[in-house]
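Notes follow the structure.
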Amino acid sequence: MKYVIGIDGGGTSSTLRILDEQGTELGSGVGGPTNMSAQPVEEVRNTLDNLIIGSIEHAGLSIGECNALCIGTAGAGRAYQSTILKGIIKDIGIKKNVIVRNDADIALVAGAGKEEGIIVIAGTGSIAYGSTLEGKSYRTGGWGHIVGDEGSAYYIGARALTEALRSYDGRRESTLLLPMLMDAINVDDVDHMIKYIYDDGFLKTKIAKLAKVVDEAYKKGDQTAKEILSDGSYELFLLADAVVRKLGFNDITTTLVTSGSVLLKNDFVFKNFKRYVEQNYPKLQIVKLDKDAAYGAAYIALQSLHVYS
């Protein structure tokens, strides 16, 4: 049976989907990280080998029947990484169409069902990306937590810590964030909070996890938490706004896909972001990504059969 493979190659884990040529799912798989910006080449090679071969065998298929494979991963837009990934996949035994895309590209296709539209991703970090049917694309954000990631979980968590400490100093009104953050990180005074923040690694991840505390404080009526979430939703709108204007989506009907934990799980941020978009671009159709990006990669692989046939 002829089939295609789509892979979402993440920095924490990778997901694979196998579809037949009519788009019916035949199998799936999950493996380790395959982000070449974060993992050594040999680790990526071993992970992809195990993921691809294992998933094909589990589905009862033959590797020679794979007509196309698309993998999307951060950094894949860089030519040298794309070349290495294609070589790895060819060596594994996929001899036909091998396509490498960036991670935002496959997530957009998973949500919009086509290679046109905009996606705003707000998870640990934040980014917006758009593409036209003519092949023009544009990205905003994605600069990392030191100089960017506005509207992300990291942004919300970091702002919460800043405002909580300002409140402690008496530089702003009292906020529930201070005791709630201390409780969340299991410390009983500000000195231990500072120690928690600066003493060990994984700063970005552990601060991003505090975003849920901000949402909890907002639901208890805390105005500082509401201010942080409001600012975050507007920052995410600005990411989308720049893409809309750059690609000429100002007055046409297209899809805007939202993804990432902040936009998918925080109702306040999503509703405010949606309101900003609808006020400025009423023709944009806003949807939440409801499937993993590996489906988008598989759809791109399917499309390649028509392009190269």
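As shown in the structure tokens, the chain order sets the letters A, B, ...; within each chain, residues go from 1, and ligands are also counted from 1 in the order they appear.
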
query: Quick one: residues within 7 Å of stretch 12-25 of chain A, only C-alpha atoms counted, chain neighbours fewer than 3 positions away excluded, as a ChimeraX atom specification?
result: /A:2-9,28-34,294-295,298,302

- prompt: Please, which residues of stretch 62-148 of chain A, numbered as in this document, come out alpha helix (DSSP H) from DSSP, as a PyMOL selection string?
  reply: chain A and resi 79-92+103-112

Can you write out the residues you just picked, keeping N, CA, C and O atoms, as an mmCIF file, in the first residue's frame?
```
data_model
loop_
_atom_site.group_PDB
_atom_site.id
_atom_site.type_symbol
_atom_site.label_atom_id
_atom_site.label_comp_id
_atom_site.auth_asym_id
_atom_site.auth_seq_id
_atom_site.Cartn_x
_atom_site.Cartn_y
_atom_site.Cartn_z
ATOM 1 N N ALA A 79 19.584 26.270 5.179
ATOM 2 C CA ALA A 79 19.890 25.337 4.094
ATOM 3 C C ALA A 79 20.742 24.158 4.553
ATOM 4 O O ALA A 79 20.495 23.010 4.174
ATOM 5 N N TYR A 80 21.730 24.413 5.406
ATOM 6 C CA TYR A 80 22.621 23.323 5.800
ATOM 7 C C TYR A 80 21.894 22.284 6.644
ATOM 8 O O TYR A 80 22.153 21.075 6.518
ATOM 9 N N GLN A 81 20.965 22.727 7.504
ATOM 10 C CA GLN A 81 20.200 21.777 8.309
ATOM 11 C C GLN A 81 19.256 20.963 7.435
ATOM 12 O O GLN A 81 19.092 19.751 7.629
ATOM 13 N N SER A 82 18.651 21.614 6.457
ATOM 14 C CA SER A 82 17.754 20.923 5.543
ATOM 15 C C SER A 82 18.504 19.835 4.775
ATOM 16 O O SER A 82 18.014 18.705 4.625
ATOM 17 N N THR A 83 19.704 20.152 4.326
ATOM 18 C CA THR A 83 20.511 19.183 3.576
ATOM 19 C C THR A 83 20.859 17.976 4.439
ATOM 20 O O THR A 83 20.774 16.827 3.994
ATOM 21 N N ILE A 84 21.254 18.240 5.686
ATOM 22 C CA ILE A 84 21.605 17.142 6.593
ATOM 23 C C ILE A 84 20.394 16.257 6.868
ATOM 24 O O ILE A 84 20.487 15.020 6.823
ATOM 25 N N LEU A 85 19.239 16.878 7.151
ATOM 26 C CA LEU A 85 18.041 16.100 7.439
ATOM 27 C C LEU A 85 17.628 15.230 6.248
ATOM 28 O O LEU A 85 17.275 14.055 6.415
ATOM 29 N N LYS A 86 17.678 15.803 5.059
ATOM 30 C CA LYS A 86 17.326 15.024 3.870
ATOM 31 C C LYS A 86 18.268 13.839 3.704
ATOM 32 O O LYS A 86 17.838 12.722 3.362
ATOM 33 N N GLY A 87 19.548 14.056 3.962
ATOM 34 C CA GLY A 87 20.514 12.970 3.852
ATOM 35 C C GLY A 87 20.240 11.863 4.857
ATOM 36 O O GLY A 87 20.315 10.670 4.523
ATOM 37 N N ILE A 88 19.899 12.247 6.094
ATOM 38 C CA ILE A 88 19.591 11.256 7.129
ATOM 39 C C ILE A 88 18.397 10.402 6.717
ATOM 40 O O ILE A 88 18.420 9.168 6.822
ATOM 41 N N ILE A 89 17.357 11.064 6.228
ATOM 42 C CA ILE A 89 16.127 10.349 5.882
ATOM 43 C C ILE A 89 16.329 9.456 4.662
ATOM 44 O O ILE A 89 15.827 8.324 4.604
ATOM 45 N N LYS A 90 17.099 9.919 3.694
ATOM 46 C CA LYS A 90 17.423 9.082 2.536
ATOM 47 C C LYS A 90 18.204 7.846 2.964
ATOM 48 O O LYS A 90 17.962 6.736 2.487
ATOM 49 N N ASP A 91 19.147 8.035 3.896
ATOM 50 C CA ASP A 91 19.946 6.905 4.388
ATOM 51 C C ASP A 91 19.089 5.879 5.121
ATOM 52 O O ASP A 91 19.388 4.680 5.117
ATOM 53 N N ILE A 92 18.023 6.357 5.776
ATOM 54 C CA ILE A 92 17.122 5.446 6.491
ATOM 55 C C ILE A 92 16.375 4.550 5.510
ATOM 56 O O ILE A 92 16.019 3.413 5.842
ATOM 57 N N ASP A 103 8.838 24.400 11.563
ATOM 58 C CA ASP A 103 7.774 23.884 12.423
ATOM 59 C C ASP A 103 6.494 24.706 12.344
ATOM 60 O O ASP A 103 5.385 24.162 12.448
ATOM 61 N N ALA A 104 6.617 26.019 12.145
ATOM 62 C CA ALA A 104 5.419 26.854 12.035
ATOM 63 C C ALA A 104 4.653 26.542 10.759
ATOM 64 O O ALA A 104 3.418 26.591 10.727
ATOM 65 N N ASP A 105 5.373 26.207 9.698
ATOM 66 C CA ASP A 105 4.766 25.899 8.408
ATOM 67 C C ASP A 105 3.830 24.698 8.519
ATOM 68 O O ASP A 105 2.680 24.730 8.061
ATOM 69 N N ILE A 106 4.307 23.621 9.143
ATOM 70 C CA ILE A 106 3.472 22.416 9.216
ATOM 71 C C ILE A 106 2.310 22.609 10.190
ATOM 72 O O ILE A 106 1.230 22.051 9.994
ATOM 73 N N ALA A 107 2.512 23.420 11.236
ATOM 74 C CA ALA A 107 1.419 23.697 12.168
ATOM 75 C C ALA A 107 0.326 24.511 11.478
ATOM 76 O O ALA A 107 -0.872 24.290 11.698
ATOM 77 N N LEU A 108 0.722 25.450 10.623
ATOM 78 C CA LEU A 108 -0.240 26.239 9.861
ATOM 79 C C LEU A 108 -1.086 25.331 8.978
ATOM 80 O O LEU A 108 -2.323 25.440 8.951
ATOM 81 N N VAL A 109 -0.447 24.435 8.257
ATOM 82 C CA VAL A 109 -1.183 23.541 7.360
ATOM 83 C C VAL A 109 -2.097 22.610 8.153
ATOM 84 O O VAL A 109 -3.217 22.312 7.734
ATOM 85 N N ALA A 110 -1.637 22.155 9.326
ATOM 86 C CA ALA A 110 -2.478 21.294 10.162
ATOM 87 C C ALA A 110 -3.760 22.009 10.575
ATOM 88 O O ALA A 110 -4.827 21.397 10.646
ATOM 89 N N GLY A 111 -3.660 23.303 10.840
ATOM 90 C CA GLY A 111 -4.828 24.058 11.288
ATOM 91 C C GLY A 111 -5.692 24.603 10.178
ATOM 92 O O GLY A 111 -6.925 24.596 10.267
ATOM 93 N N ALA A 112 -5.032 25.071 9.098
ATOM 94 C CA ALA A 112 -5.772 25.712 8.002
ATOM 95 C C ALA A 112 -6.153 24.731 6.903
ATOM 96 O O ALA A 112 -7.047 25.017 6.104
#
```

message: Taking 4 positions as the minimum chain separation for residues in the same chain, which residues sit within 12 Å of A:Leu161 when counting only C-alpha atoms? Answer as number ranges by chain.
response: A: 154-157, 165-168, 175-182, 184-185, 190, 193-194, 196-197, 206-211, 213-214, 224-225, 228

Need the shell around A:Lys274: protein/DNA/RNA residues with any atom at most 12 Å away, counting only C-alpha atoms. Skip same-chain ones fewer than 4 positions apart. Format as a compact mmCIF listing (two decimals) with N, CA, C and O atoms, in the first residue's frame?
```
# COMPACT_ATOMS: atom_id res chain seq x y z
N VAL A 120 -0.35 31.84 14.88
CA VAL A 120 0.28 32.47 16.03
C VAL A 120 0.45 31.39 17.09
O VAL A 120 -0.53 30.76 17.50
N SER A 230 -3.70 40.87 29.86
CA SER A 230 -4.16 41.81 28.82
C SER A 230 -3.00 42.26 27.94
O SER A 230 -3.11 42.28 26.70
N SER A 233 -1.94 39.39 25.61
CA SER A 233 -2.83 39.16 24.47
C SER A 233 -2.62 40.22 23.40
O SER A 233 -2.67 39.92 22.19
N TYR A 234 -2.36 41.46 23.81
CA TYR A 234 -2.11 42.52 22.82
C TYR A 234 -0.77 42.29 22.11
O TYR A 234 -0.66 42.52 20.89
N LEU A 236 0.54 39.44 21.42
CA LEU A 236 0.30 38.39 20.44
C LEU A 236 -0.43 38.94 19.22
O LEU A 236 -0.15 38.54 18.08
N PHE A 237 -1.36 39.86 19.45
CA PHE A 237 -2.01 40.51 18.32
C PHE A 237 -1.00 41.26 17.46
O PHE A 237 -1.06 41.22 16.22
N LEU A 238 -0.05 41.94 18.09
CA LEU A 238 0.95 42.68 17.32
C LEU A 238 1.79 41.75 16.45
O LEU A 238 2.18 42.11 15.33
N ALA A 240 0.70 38.97 15.07
CA ALA A 240 -0.16 38.64 13.94
C ALA A 240 -0.34 39.82 13.01
O ALA A 240 -0.32 39.68 11.78
N ASP A 241 -0.52 41.00 13.58
CA ASP A 241 -0.75 42.21 12.81
C ASP A 241 0.37 42.48 11.81
O ASP A 241 0.12 42.82 10.65
N LEU A 256 -6.64 32.25 10.38
CA LEU A 256 -5.63 32.53 11.38
C LEU A 256 -5.71 31.42 12.42
O LEU A 256 -6.72 31.28 13.12
N VAL A 257 -4.66 30.62 12.50
CA VAL A 257 -4.61 29.47 13.41
C VAL A 257 -3.93 29.90 14.70
O VAL A 257 -2.90 30.58 14.69
N THR A 258 -4.49 29.51 15.82
CA THR A 258 -3.86 29.77 17.11
C THR A 258 -3.38 28.46 17.71
O THR A 258 -4.07 27.43 17.63
N LEU A 263 -2.55 30.29 24.17
CA LEU A 263 -3.75 30.58 23.38
C LEU A 263 -4.77 29.45 23.42
O LEU A 263 -5.98 29.69 23.26
N LEU A 264 -4.33 28.24 23.66
CA LEU A 264 -5.27 27.12 23.69
C LEU A 264 -5.89 26.89 25.05
O LEU A 264 -7.01 26.37 25.15
N ASP A 267 -8.31 31.12 28.52
CA ASP A 267 -9.49 31.70 27.86
C ASP A 267 -9.42 33.21 27.79
O ASP A 267 -9.83 33.82 26.78
N PHE A 268 -8.91 33.84 28.84
CA PHE A 268 -8.85 35.31 28.85
C PHE A 268 -7.94 35.82 27.75
O PHE A 268 -8.30 36.74 27.01
N VAL A 269 -6.76 35.24 27.63
CA VAL A 269 -5.81 35.68 26.59
C VAL A 269 -6.40 35.43 25.21
O VAL A 269 -6.35 36.29 24.33
N PHE A 270 -6.96 34.24 25.00
CA PHE A 270 -7.51 33.93 23.68
C PHE A 270 -8.64 34.88 23.30
O PHE A 270 -8.68 35.40 22.18
N GLU A 278 -10.48 40.62 15.47
CA GLU A 278 -11.78 40.87 14.82
C GLU A 278 -12.06 42.35 14.65
O GLU A 278 -12.70 42.76 13.67
N GLN A 279 -11.58 43.17 15.58
CA GLN A 279 -11.78 44.61 15.45
C GLN A 279 -10.99 45.20 14.28
O GLN A 279 -11.44 46.14 13.64
N ASN A 280 -9.84 44.63 14.01
CA ASN A 280 -8.97 45.18 12.98
C ASN A 280 -9.04 44.43 11.64
O ASN A 280 -8.87 45.05 10.59
N TYR A 281 -9.31 43.13 11.69
CA TYR A 281 -9.34 42.32 10.47
C TYR A 281 -10.53 41.37 10.52
O TYR A 281 -10.37 40.17 10.75
N PRO A 282 -11.73 41.88 10.31
CA PRO A 282 -12.94 41.08 10.49
C PRO A 282 -13.06 39.90 9.52
O PRO A 282 -13.84 38.98 9.78
N LEU A 284 -10.67 37.77 8.79
CA LEU A 284 -9.85 36.64 9.20
C LEU A 284 -10.69 35.64 9.99
O LEU A 284 -11.46 36.02 10.87
N GLN A 285 -10.53 34.36 9.68
CA GLN A 285 -11.27 33.31 10.35
C GLN A 285 -10.34 32.65 11.38
O GLN A 285 -9.38 31.98 11.03
N ILE A 286 -10.65 32.85 12.66
CA ILE A 286 -9.77 32.39 13.73
C ILE A 286 -10.17 30.99 14.18
O ILE A 286 -11.33 30.74 14.50
N VAL A 287 -9.20 30.08 14.18
CA VAL A 287 -9.45 28.71 14.63
C VAL A 287 -8.36 28.31 15.62
O VAL A 287 -7.25 28.82 15.59
N LYS A 288 -8.71 27.38 16.50
CA LYS A 288 -7.72 26.79 17.39
C LYS A 288 -7.19 25.50 16.77
O LYS A 288 -7.97 24.70 16.25
```

query: Hey, which of A:Gly135, A:Gly125, A:Gly232, A:Gly10 ends up closest to A:Ser259? Count only C-alpha atoms.
result: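 Nearest candidate to A:Ser259 out of A:Gly135, A:Gly125, A:Gly232, A:Gly10: A:Gly125.
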
- request: Rounded to one decimal place, report the atom CA of A:Ala217-atom CA of A:Arg172 distance in Å.
  value: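 Atom CA of A:Arg172 lies 16.4 Å from atom CA of A:Ala217.
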
For A:Glu235, the nearest of the candidates A:Ala122, A:Ala164, A:His145, A:Lys283, counting only C-alpha atoms: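 For A:Glu235, the nearest of the candidates is A:Ala122.
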
query: What lies within 6 Å of A:Ala301 using only C-alpha atoms, ignoring chain neighbours under 6 positions off, as a PyMOL selection string?
result: chain A and resi 68-70

message: Going by DSSP on the backbone, which residues of stretch 127-299 of chain A come out as strand (DSSP E or B)? List them as a list in words.
response: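 Of stretch 127-299 of chain A, only Ile127, Ala128, Tyr129, Gly130, Ser131, Ser137, Tyr138, Arg139, Thr140, Gly141, Thr255, Leu256, Val257, Thr258, Ser259, Gln285, Ile286, Val287 and Lys288 of chain A fall in strand (DSSP E or B).
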
Output of the above residues as a short mmCIF file (atom, residue, chain, number, x, y, z; two decimals), in the first residue's frame, restricted to N, CA and C atoms:
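Output (again.cif):
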```cif
data_model
loop_
_atom_site.label_atom_id
_atom_site.label_comp_id
_atom_site.auth_asym_id
_atom_site.auth_seq_id
_atom_site.Cartn_x
_atom_site.Cartn_y
_atom_site.Cartn_z
N ILE A 127 5.65 33.17 18.51
CA ILE A 127 6.02 33.44 17.12
C ILE A 127 4.75 33.55 16.30
N ALA A 128 4.80 34.32 15.24
CA ALA A 128 3.72 34.34 14.25
C ALA A 128 4.35 34.08 12.89
N TYR A 129 3.59 33.39 12.04
CA TYR A 129 4.11 33.01 10.72
C TYR A 129 2.95 33.01 9.74
N GLY A 130 3.22 33.45 8.54
CA GLY A 130 2.19 33.44 7.51
C GLY A 130 2.75 33.02 6.17
N SER A 131 1.86 32.51 5.33
CA SER A 131 2.27 32.06 4.00
C SER A 131 1.14 32.30 3.02
N SER A 137 6.27 34.11 2.28
CA SER A 137 6.07 33.85 3.70
C SER A 137 6.74 34.94 4.53
N TYR A 138 6.32 35.04 5.78
CA TYR A 138 6.88 36.04 6.68
C TYR A 138 6.72 35.58 8.12
N ARG A 139 7.73 35.85 8.93
CA ARG A 139 7.71 35.46 10.34
C ARG A 139 7.95 36.67 11.22
N THR A 140 7.25 36.73 12.35
CA THR A 140 7.55 37.74 13.35
C THR A 140 7.73 37.04 14.70
N GLY A 141 8.56 37.62 15.54
CA GLY A 141 8.84 37.02 16.84
C GLY A 141 9.79 35.85 16.70
N THR A 255 -7.41 32.09 6.92
CA THR A 255 -7.47 31.47 8.25
C THR A 255 -6.32 31.94 9.13
N LEU A 256 -6.64 32.25 10.38
CA LEU A 256 -5.63 32.53 11.38
C LEU A 256 -5.71 31.42 12.42
N VAL A 257 -4.66 30.62 12.50
CA VAL A 257 -4.61 29.47 13.41
C VAL A 257 -3.93 29.90 14.70
N THR A 258 -4.49 29.51 15.82
CA THR A 258 -3.86 29.77 17.11
C THR A 258 -3.38 28.46 17.71
N SER A 259 -2.20 28.50 18.32
CA SER A 259 -1.63 27.28 18.88
C SER A 259 -0.77 27.64 20.09
N GLN A 285 -10.53 34.36 9.68
CA GLN A 285 -11.27 33.31 10.35
C GLN A 285 -10.34 32.65 11.38
N ILE A 286 -10.65 32.85 12.66
CA ILE A 286 -9.77 32.39 13.73
C ILE A 286 -10.17 30.99 14.18
N VAL A 287 -9.20 30.08 14.18
CA VAL A 287 -9.45 28.71 14.63
C VAL A 287 -8.36 28.31 15.62
N LYS A 288 -8.71 27.38 16.50
CA LYS A 288 -7.72 26.79 17.39
C LYS A 288 -7.19 25.50 16.77
#
```

- request: May I ask which of the residues A:Asn186, A:Lys212, A:Thr132, A:Arg45 is the closest one to A:Lys246, counting only C-alpha atoms?
  value: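 Ranking A:Asn186, A:Lys212, A:Thr132, A:Arg45 by distance to A:Lys246, first place goes to A:Thr132.
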
query: Suppose you want the space between atom CA of A:Arg101 and atom CA of A:Ile71; what is it in Å?
result: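 Separation of atom CA of A:Arg101 and atom CA of A:Ile71: 6.2 Å.
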
query: With only C-alpha atoms as the basis for distance, which of A:Gly11, A:Ser304, A:Glu115, A:Ser62 is at the shortest distance from A:Lys96?
result: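 Selected residue with least distance to A:Lys96: A:Ser304.
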
Residue among A:Cys66, A:Ile146, A:Leu305, A:Ile119 lying closest to A:Gly93, counting only C-alpha atoms: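 Under the stated criterion, the closest residue is A:Cys66.
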